[in-house]
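**Q** Below is a structure I'd like to ask you about.
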Amino acid sequence: MKVLAVDDNEIHCYAMHKVLASAGFDVTSVHSGNEALKAVEANPPDAVLLDIGLGDMNGFEVCNMIRARAGNNHVAIVFHSATGHADASPRSNHAGADAFLTYPVDSEHLVSVVRGCIQRRRDTNHAK
């Protein structure tokens with residue numbers, strides 16, 4: 001399963017990359033919204049682990065753009081952010097995300113949520 005980790009904080013991105021790769025995911029990391037959109041276009045992942053606060057645009061915009069592109073229905077989107085975003089979880093649902101995680105995220109929980117979201121997307125798309 002391919003995962004795209006998107007976070008402008010390189011330390012957070014590295015940590016997520018390491019956790020997911022050790023759980024068997026094929027992980028690519030990028031640090032901006034534009035890089036994320038290019039990566040999804042070039043090689044669509046099974047899931048995008050998406051930070052809300054990116055330098056060039058916010059995660060909600062990136063999520064909306066991914067969802068607007070034909071052929072991306074299979075991509076699970078999991079937002080992650082700091083606790084300071086009180087309205088982020090409802091906004092992430094509205095933007096088309098599959099889940100929302102708040103820092104700090106337990107490694108096992110991160111892996112479980114990403115796997116579960118990918119599986120639900122696969123089940124939904126196969127049922128159509």
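Each chain in the structure tokens gets a letter, A, B, ..., in the order shown, and its residues are numbered from 1; ligands are numbered from 1 in order too.
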Could you tell me, as a ChimeraX atom specification, which residues of chain A DSSP assigns to strand (DSSP E) when given the backbone?
**A** /A:2-6,26-30,47-51,76-81,99-102
**Q** May I have the residues within 12 Å of Val27 of chain A as a list of chain:residue names, using only C-alpha atoms and disregarding those fewer than 4 positions away in the same chain?
**A**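 So, after excluding close chain neighbours, the residues are A:Met1, A:Lys2, A:Val3, A:Leu4, A:Ala5, A:Val6, A:Cys13, A:Tyr14, A:Ala15, A:Met16, A:His17, A:Lys18, A:Val19, A:Leu20, A:Ala21, A:Ser22, A:Ala23, A:Ala39, A:Asn43, A:Pro44, A:Pro45, A:Asp46, A:Ala47, A:Val48, A:Leu49, A:Val114.
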**Q** With only C-alpha atoms as the counted atoms, please give the residues lying no more than 8 Å from Ile77 of chain A, apart from itself and same-chain residues fewer than 4 positions off, as an mmCIF file with all heavy atoms, in the first residue's frame.
**A**
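Full text of result24.cif as output:
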data_model
loop_
_atom_site.group_PDB
_atom_site.id
_atom_site.type_symbol
_atom_site.label_atom_id
_atom_site.label_comp_id
_atom_site.auth_asym_id
_atom_site.auth_seq_id
_atom_site.Cartn_x
_atom_site.Cartn_y
_atom_site.Cartn_z
ATOM 1 N N ALA A 47 -3.278 6.222 0.065
ATOM 2 C CA ALA A 47 -3.664 7.155 1.126
ATOM 3 C C ALA A 47 -2.737 8.363 1.133
ATOM 4 O O ALA A 47 -1.564 8.262 0.766
ATOM 5 C CB ALA A 47 -3.619 6.477 2.491
ATOM 6 N N VAL A 48 -3.310 9.496 1.557
ATOM 7 C CA VAL A 48 -2.536 10.711 1.778
ATOM 8 C C VAL A 48 -2.693 11.068 3.243
ATOM 9 O O VAL A 48 -3.803 11.196 3.746
ATOM 10 C CB VAL A 48 -3.036 11.876 0.899
ATOM 11 C CG1 VAL A 48 -2.264 13.158 1.224
ATOM 12 C CG2 VAL A 48 -2.920 11.529 -0.576
ATOM 13 N N LEU A 49 -1.578 11.185 3.938
ATOM 14 C CA LEU A 49 -1.550 11.637 5.319
ATOM 15 C C LEU A 49 -1.217 13.119 5.245
ATOM 16 O O LEU A 49 -0.103 13.494 4.890
ATOM 17 C CB LEU A 49 -0.502 10.852 6.100
ATOM 18 C CG LEU A 49 -0.493 10.995 7.599
ATOM 19 C CD1 LEU A 49 -1.849 10.645 8.193
ATOM 20 C CD2 LEU A 49 0.573 10.093 8.192
ATOM 21 N N LEU A 50 -2.201 13.979 5.525
ATOM 22 C CA LEU A 50 -2.142 15.378 5.129
ATOM 23 C C LEU A 50 -2.216 16.321 6.329
ATOM 24 O O LEU A 50 -3.194 16.314 7.074
ATOM 25 C CB LEU A 50 -3.324 15.644 4.175
ATOM 26 C CG LEU A 50 -3.489 17.007 3.553
ATOM 27 C CD1 LEU A 50 -2.261 17.417 2.755
ATOM 28 C CD2 LEU A 50 -4.728 16.994 2.659
ATOM 29 N N CYS A 63 -6.950 18.791 -0.056
ATOM 30 C CA CYS A 63 -7.944 17.720 -0.030
ATOM 31 C C CYS A 63 -9.027 17.966 -1.074
ATOM 32 O O CYS A 63 -9.381 17.056 -1.840
ATOM 33 C CB CYS A 63 -8.552 17.620 1.364
ATOM 34 S SG CYS A 63 -9.740 16.264 1.552
ATOM 35 N N GLY A 96 -13.822 16.222 2.593
ATOM 36 C CA GLY A 96 -13.754 14.903 1.974
ATOM 37 C C GLY A 96 -12.731 13.969 2.581
ATOM 38 O O GLY A 96 -12.373 12.959 1.984
ATOM 39 N N ALA A 97 -12.271 14.281 3.775
ATOM 40 C CA ALA A 97 -11.287 13.420 4.434
ATOM 41 C C ALA A 97 -11.964 12.191 5.032
ATOM 42 O O ALA A 97 -13.150 12.191 5.333
ATOM 43 C CB ALA A 97 -10.558 14.191 5.528
ATOM 44 N N ASP A 98 -11.170 11.160 5.212
ATOM 45 C CA ASP A 98 -11.657 9.911 5.788
ATOM 46 C C ASP A 98 -11.461 9.845 7.297
ATOM 47 O O ASP A 98 -12.179 9.117 7.977
ATOM 48 C CB ASP A 98 -10.934 8.730 5.133
ATOM 49 C CG ASP A 98 -11.241 8.653 3.655
ATOM 50 O OD1 ASP A 98 -12.290 8.084 3.304
ATOM 51 O OD2 ASP A 98 -10.450 9.186 2.848
ATOM 52 N N ALA A 99 -10.475 10.588 7.801
ATOM 53 C CA ALA A 99 -10.199 10.571 9.241
ATOM 54 C C ALA A 99 -9.413 11.822 9.612
ATOM 55 O O ALA A 99 -8.848 12.498 8.758
ATOM 56 C CB ALA A 99 -9.419 9.323 9.622
ATOM 57 N N CYS A 117 -8.684 3.204 6.766
ATOM 58 C CA CYS A 117 -9.212 4.132 5.755
ATOM 59 C C CYS A 117 -8.973 3.603 4.344
ATOM 60 O O CYS A 117 -9.852 3.705 3.478
ATOM 61 C CB CYS A 117 -8.593 5.514 5.918
ATOM 62 S SG CYS A 117 -9.182 6.391 7.388
#
**Q** From the list A:Val30, A:Ile52, A:Val62, A:Ala42, which residue is nearest Tyr103 of chain A when using only C-alpha atoms?
**A**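 Among the listed residues, the smallest separation from Tyr103 of chain A belongs to A:Ile52.
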**Q** Atom CA of Met65 of chain A to atom CA of Phe79 of chain A: how many Å, to one decimal?
**A**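 Those two atoms sit 14.4 Å apart.
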**Q** Run DSSP on the backbone and tell me which residues of chain A come out as alpha helix (DSSP H); list them as number ranges by chain.
**A** A: 10-22, 33-42, 59-68, 88-95, 107-127
**Q** Can you work out which one of A:Ala82, A:Val75, A:Val40, A:Ala68 has the shortest atom-to-atom distance to Gly53 of chain A, counting only C-alpha atoms?
**A**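 With only C-alpha atoms as the atom set, the closest residue is A:Ala82.
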**Q** With only C-alpha atoms as the counted atoms, please give the residues lying no more than 10 Å from Arg122 of chain A, apart from itself and same-chain residues fewer than 4 positions off, as a VMD selection string.
**A** chain A and resid 46 73 to 76 116 to 118 126 to 127
**Q** Hey, can you spit out that residue selection with C-alpha atoms as a PDB file, in the first residue's frame?
**A**
ATOM      1  CA  ASP A  46      -3.682   4.526  -1.632  1.00  0.00           C
ATOM      2  CA  ASN A  73     -12.044   8.254  -5.381  1.00  0.00           C
ATOM      3  CA  HIS A  74      -9.872   5.388  -4.199  1.00  0.00           C
ATOM      4  CA  VAL A  75      -7.441   7.684  -2.339  1.00  0.00           C
ATOM      5  CA  ALA A  76      -7.995   7.740   1.425  1.00  0.00           C
ATOM      6  CA  GLY A 116      -8.616   1.115   7.990  1.00  0.00           C
ATOM      7  CA  CYS A 117      -9.212   4.132   5.755  1.00  0.00           C
ATOM      8  CA  ILE A 118      -7.528   2.439   2.795  1.00  0.00           C
ATOM      9  CA  HIS A 126     -15.439  -2.358  -5.218  1.00  0.00           C
ATOM     10  CA  ALA A 127     -19.085  -2.252  -4.131  1.00  0.00           C
TER      11      ALA A 127
END
**Q** Just how far from atom CA of Leu54 of chain A is atom CA of Ser32 of chain A, in Å to one decimal?
**A**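 Calculated distance between atom CA of Ser32 of chain A and atom CA of Leu54 of chain A is 5.9 Å.
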**Q** Any idea what the distance is between atom CA of Ser107 of chain A and atom CA of Ala36 of chain A?
**A**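 That distance, rounded to one decimal, is 22.4 Å.
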**Q** So, counting only C-alpha atoms, which residue among A:Asn125, A:Asp51, A:Arg120, A:Arg115 is closest to Phe100 of chain A?
**A**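 Comparing A:Asn125, A:Asp51, A:Arg120, A:Arg115 against Phe100 of chain A, the winner is A:Asp51.
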